[in-house]
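A.B. asks: Have a look at this one before I ask anything.
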Amino acid sequence: MTAAEAPPVRMSVLRAMLVLGVLEAFGPLSMDVYMPQLPHLARSFDAPDALAQWTMSACMIGLGLGQLIAGPLSDRFGRRRPLVIGVAAFAVLSAACAVAPSIDILLIARFLQGIAGSAGLVISMAVARDMFRGVELSRMLSMLGLVSGSAPVIAPLIGGQLALFMDWRGVFWVLTGVGTALIALVVFGLPETLSPAGRHGGGFAALRTHVGAVLRDRLFVAVLVVSATAGVGFFAYLSMSSFVLEQEFGLTPQLFSFVFAANAVANIVGGQCSRLIVARMTPQRVYLLGATATAASTVALLALALAGARLGFIVAALVLFMFCVGLSGPNGTTLALTHHGARAGTAAAVMGMSSFVVGPIVAPIISSWGTTAVIMAAAMTAASLVGVVVAWVAVRPAARGIGPGTAPIAVVEA
């Protein structure tokens, strides 16, 4: 490790896991708390289902594009300052969502809320890359998944219960309070991990230079393509599942929140299985295993949907899908960031954009044909099949020769 890469202040592994995991939960917090009320939001504005889904897409697109701002800024100014600004803006824009007078205004506020929340997603990954390498980075990302993965477990459960006594506007007031609490977490809980020597100049020229550098990495580009296809499949599930399970299978918002939470638990379990086996199998092997299993689970889901299977079988296939996504996810990020220590913020931003922008644009277009189990499963299957082909044809040869990585930076209490 060079002196430029060494963080001037270090955290214990446990503290890093807790703080970064909470920051990574920006996306799930923005999405999942009000997911059980999506059908009700559509009715409150007398809007079609597809337009209600665009309120999720707008936030996700903002989360993706915003990473191209927050990531490079964190490479230039350090990790803390852009993060504090992003968290504060997230709180303000959550309040703007709560008072939106029309769905058009809500769409704008959601897009801006996503841009603000992107700071937590991308900078938490950059901080992890500052501190860890190789297998240890994969393990840390898996542990971050354990913490941040609790958000999609808890958020829909809370959202389902909040639906008993408040509408979707009240949910955004809750997010405003959460954002305010996160400001204190960043200010008092996160030391700077990027030394001044490791920072670089900013501006569009620097962004273009660093983006060009990561896009010349064959391994990065291959993982990027798989990440984009995975984003389509995951967002098809995310945006359609409440309509499918509530309208087609008759679940209440409360019951849907429990099903969604079970799927989130499966995702966490997949991430922890990855953490346990990655040292023996290497990140690239676990990544390929996860991509292959993900494709198999979506094929099974499509077959069940076409056969008109009962709710229990559909839910079981969705649980398997989320487990497989958790298995491959941390290892894809590890492979993508392998060669980009000095550009970790920019590399993480480009990687995040691929899954947060492509999926939210494609999935609502698909759902304009209907929000049925068959359409949802077909979209997930098509995306995962493309992804697994690219993983085996492009990621596998590009990752050949990459070892398990170096040991992590020695960490001490900050």
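By order in the structure tokens, chains are A, B, ...; within a chain, residues start at 1; ligands start at 1, following the order shown.
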Please provide as a ChimeraX atom specification all residues within 9 Å of Leu162 in chain A, with the sequence filter that same-chain residues fewer than 6 positions apart are discarded (counting only C-alpha atoms).
C.D. replies: /A:33,168,170-171
A.B. asks: Find the residues of range 188-263 of chain A that sit at most 9 Å from range 296-313 of chain A; for each, write down the nearest two atoms and how far apart they are in Å, to one decimal. Count only C-alpha atoms. Sort by chain, then by number going up, and give it as JSON lines.
C.D. replies:
```
{"residue": "A:Gly233", "atom": "CA", "partner": "A:Thr298", "partner_atom": "CA", "distance": 9.0}
{"residue": "A:Leu245", "atom": "CA", "partner": "A:Leu311", "partner_atom": "CA", "distance": 8.1}
{"residue": "A:Phe249", "atom": "CA", "partner": "A:Leu311", "partner_atom": "CA", "distance": 6.7}
```
A.B. asks: Write the residues of the selection above to a file with C-alpha atoms, as an mmCIF file, in the first residue's frame.
C.D. replies:
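As written to disk, out_10.cif reads:
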```cif
data_model
loop_
_atom_site.group_PDB
_atom_site.id
_atom_site.type_symbol
_atom_site.label_atom_id
_atom_site.label_comp_id
_atom_site.auth_asym_id
_atom_site.auth_seq_id
_atom_site.Cartn_x
_atom_site.Cartn_y
_atom_site.Cartn_z
ATOM 1 C CA GLY A 233 -34.080 -7.906 -12.839
ATOM 2 C CA LEU A 245 -48.763 -9.757 -4.469
ATOM 3 C CA PHE A 249 -52.754 -12.598 -4.926
#
```
A.B. asks: Point out the residue among A:Ser227, A:Ser124, A:Thr294, A:Thr209 with the least atom-to-atom distance to Pro191 in chain A, counting only C-alpha atoms.
C.D. replies: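 Result for the nearest residue to Pro191 in chain A: A:Ser124.
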A.B. asks: Could you check how far CA of Arg275 in chain A sits from CA of Met140 in chain A, in Å to one decimal?
C.D. replies: 8.1 Å
A.B. asks: Could you make a table, as JSON lines, of the residues of range 21-138 of chain A that have an atom within 10 Å of an atom of range 257-263 of chain A, each with its nearest atom pair and distance in Å to one decimal, counting only C-alpha atoms, in chain and number order?
C.D. replies:
```
{"residue": "A:Asp32", "atom": "CA", "partner": "A:Phe260", "partner_atom": "CA", "distance": 8.9}
{"residue": "A:Val33", "atom": "CA", "partner": "A:Ser257", "partner_atom": "CA", "distance": 9.1}
{"residue": "A:Tyr34", "atom": "CA", "partner": "A:Ser257", "partner_atom": "CA", "distance": 9.9}
{"residue": "A:Met35", "atom": "CA", "partner": "A:Ser257", "partner_atom": "CA", "distance": 8.3}
{"residue": "A:Pro36", "atom": "CA", "partner": "A:Ser257", "partner_atom": "CA", "distance": 6.3}
{"residue": "A:Gln37", "atom": "CA", "partner": "A:Ser257", "partner_atom": "CA", "distance": 10.0}
```
A.B. asks: Pick the closest to Ala222 in chain A from A:Gly359, A:Ser57, A:Pro48, A:Ala336: which is it, counting only C-alpha atoms?
C.D. replies: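 Comparing A:Gly359, A:Ser57, A:Pro48, A:Ala336 against Ala222 in chain A, the winner is A:Ala336.
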A.B. asks: Under the rule that only C-alpha atoms are counted, which of A:Ala184, A:Ala100, A:Val244, A:Ile277 is the nearest residue to Leu23 in chain A?
C.D. replies: A:Ala184
A.B. asks: Applying 10 Å and only C-alpha atoms, which residues near Leu219 in chain A remain after dropping the ones on its own chain fewer than 4 positions away? List them as a list in words.
C.D. replies: Val214, Leu215, Val223, Leu224, Leu335, Ala336, Leu337, Thr338, His339, Ala394, Val395, Arg396, Pro397, Ala398, Ala399 and Arg400 of chain A
A.B. asks: Neighbours of Ser384 in chain A within 7 Å (only C-alpha atoms; same-chain residues fewer than 4 positions away dropped), as number ranges by chain?
C.D. replies: A: 229-230, 233, 294-295, 380, 388
A.B. asks: Create the file for the chosen residues now, containing N, CA and C atoms and written as a tab-separated table (two decimals), in the first residue's frame.
C.D. replies:
```tsv
chain	number	residue	atom	x	y	z
A	229	THR	N	-27.52	-5.47	-16.00
A	229	THR	CA	-28.60	-6.44	-16.23
A	229	THR	C	-29.22	-6.89	-14.92
A	230	ALA	N	-28.38	-7.04	-13.88
A	230	ALA	CA	-28.92	-7.41	-12.57
A	230	ALA	C	-29.85	-6.32	-12.05
A	233	GLY	N	-33.35	-6.82	-13.50
A	233	GLY	CA	-34.08	-7.91	-12.84
A	233	GLY	C	-34.51	-7.53	-11.43
A	294	THR	N	-28.66	-17.32	-9.63
A	294	THR	CA	-29.68	-16.29	-9.83
A	294	THR	C	-30.48	-16.55	-11.09
A	295	ALA	N	-29.78	-16.88	-12.18
A	295	ALA	CA	-30.47	-17.18	-13.43
A	295	ALA	C	-31.39	-18.38	-13.27
A	380	MET	N	-37.38	-10.51	-15.09
A	380	MET	CA	-36.29	-10.97	-14.23
A	380	MET	C	-35.48	-12.06	-14.91
A	388	VAL	N	-25.76	-13.83	-16.72
A	388	VAL	CA	-24.94	-15.01	-16.47
A	388	VAL	C	-24.08	-15.34	-17.69
```
A.B. asks: Compare A:Ala58, A:Leu238, A:Met322, A:Val99 by their minimum atom-to-atom distance to Ile115 in chain A, counting only C-alpha atoms, and give me the closest one.
C.D. replies: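 Closest to Ile115 in chain A of all the choices is A:Ala58.
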A.B. asks: Near Ala98 in chain A, within 7 Å and counting only C-alpha atoms, which residues show up once chain neighbours fewer than 2 positions away are dropped, as a list in words?
C.D. replies: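 Within the cut-off, the hits are Ser94, Ala95, Ala96, Ala100, Arg169, Gly170, Phe172 and Trp173 of chain A.
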A.B. asks: Just write the chosen residues, N, CA, C and O atoms, as an mmCIF file, in the first residue's frame.
C.D. replies:
```cif
data_model
loop_
_atom_site.group_PDB
_atom_site.id
_atom_site.type_symbol
_atom_site.label_atom_id
_atom_site.label_comp_id
_atom_site.auth_asym_id
_atom_site.auth_seq_id
_atom_site.Cartn_x
_atom_site.Cartn_y
_atom_site.Cartn_z
ATOM 1 N N SER A 94 -36.729 14.818 1.732
ATOM 2 C CA SER A 94 -37.769 13.928 2.256
ATOM 3 C C SER A 94 -38.979 14.739 2.701
ATOM 4 O O SER A 94 -40.137 14.350 2.459
ATOM 5 N N ALA A 95 -38.730 15.887 3.331
ATOM 6 C CA ALA A 95 -39.828 16.772 3.725
ATOM 7 C C ALA A 95 -40.544 17.322 2.497
ATOM 8 O O ALA A 95 -41.779 17.463 2.495
ATOM 9 N N ALA A 96 -39.786 17.620 1.440
ATOM 10 C CA ALA A 96 -40.407 18.109 0.206
ATOM 11 C C ALA A 96 -41.332 17.051 -0.400
ATOM 12 O O ALA A 96 -42.407 17.373 -0.926
ATOM 13 N N ALA A 100 -45.593 17.276 -1.281
ATOM 14 C CA ALA A 100 -45.771 17.408 -2.726
ATOM 15 C C ALA A 100 -47.253 17.522 -3.080
ATOM 16 O O ALA A 100 -48.050 16.646 -2.721
ATOM 17 N N ARG A 169 -47.730 10.168 2.840
ATOM 18 C CA ARG A 169 -47.069 11.429 3.188
ATOM 19 C C ARG A 169 -46.415 11.330 4.573
ATOM 20 O O ARG A 169 -45.307 11.848 4.792
ATOM 21 N N GLY A 170 -47.110 10.685 5.496
ATOM 22 C CA GLY A 170 -46.544 10.509 6.825
ATOM 23 C C GLY A 170 -45.257 9.714 6.799
ATOM 24 O O GLY A 170 -44.335 9.966 7.599
ATOM 25 N N PHE A 172 -42.983 9.819 4.510
ATOM 26 C CA PHE A 172 -41.876 10.707 4.141
ATOM 27 C C PHE A 172 -41.478 11.630 5.288
ATOM 28 O O PHE A 172 -40.312 12.037 5.383
ATOM 29 N N TRP A 173 -42.413 11.957 6.174
ATOM 30 C CA TRP A 173 -42.022 12.704 7.359
ATOM 31 C C TRP A 173 -41.141 11.847 8.268
ATOM 32 O O TRP A 173 -40.206 12.346 8.907
#
```
A.B. asks: Using only C-alpha atoms, which residue out of A:Ala91, A:Val174, A:Ala391, A:Ile61 lies closest to Val357 in chain A?
C.D. replies: A:Ile61
A.B. asks: Which residue out of A:Val269, A:Leu207, A:Leu385, A:Leu185 has the minimum interatomic distance to Gly71 in chain A when only C-alpha atoms are used?
C.D. replies: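 For Gly71 in chain A, the nearest of the candidates is A:Leu207.
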A.B. asks: Take CA of Leu65 in chain A and CA of Glu24 in chain A and report the distance between them in Å, one decimal.
C.D. replies: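 About the pair CA of Leu65 in chain A and CA of Glu24 in chain A: they are 16.0 Å apart.
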A.B. asks: Quick check for you: according to DSSP on this backbone, which residues of range 5-185 of chain A are classed as helix (DSSP H, G or I)? Reply as a VMD selection string.
C.D. replies: chain A and resid 13 to 24 26 to 32 35 to 44 49 to 77 80 to 98 103 to 131 134 to 148 150 to 162 168 to 185
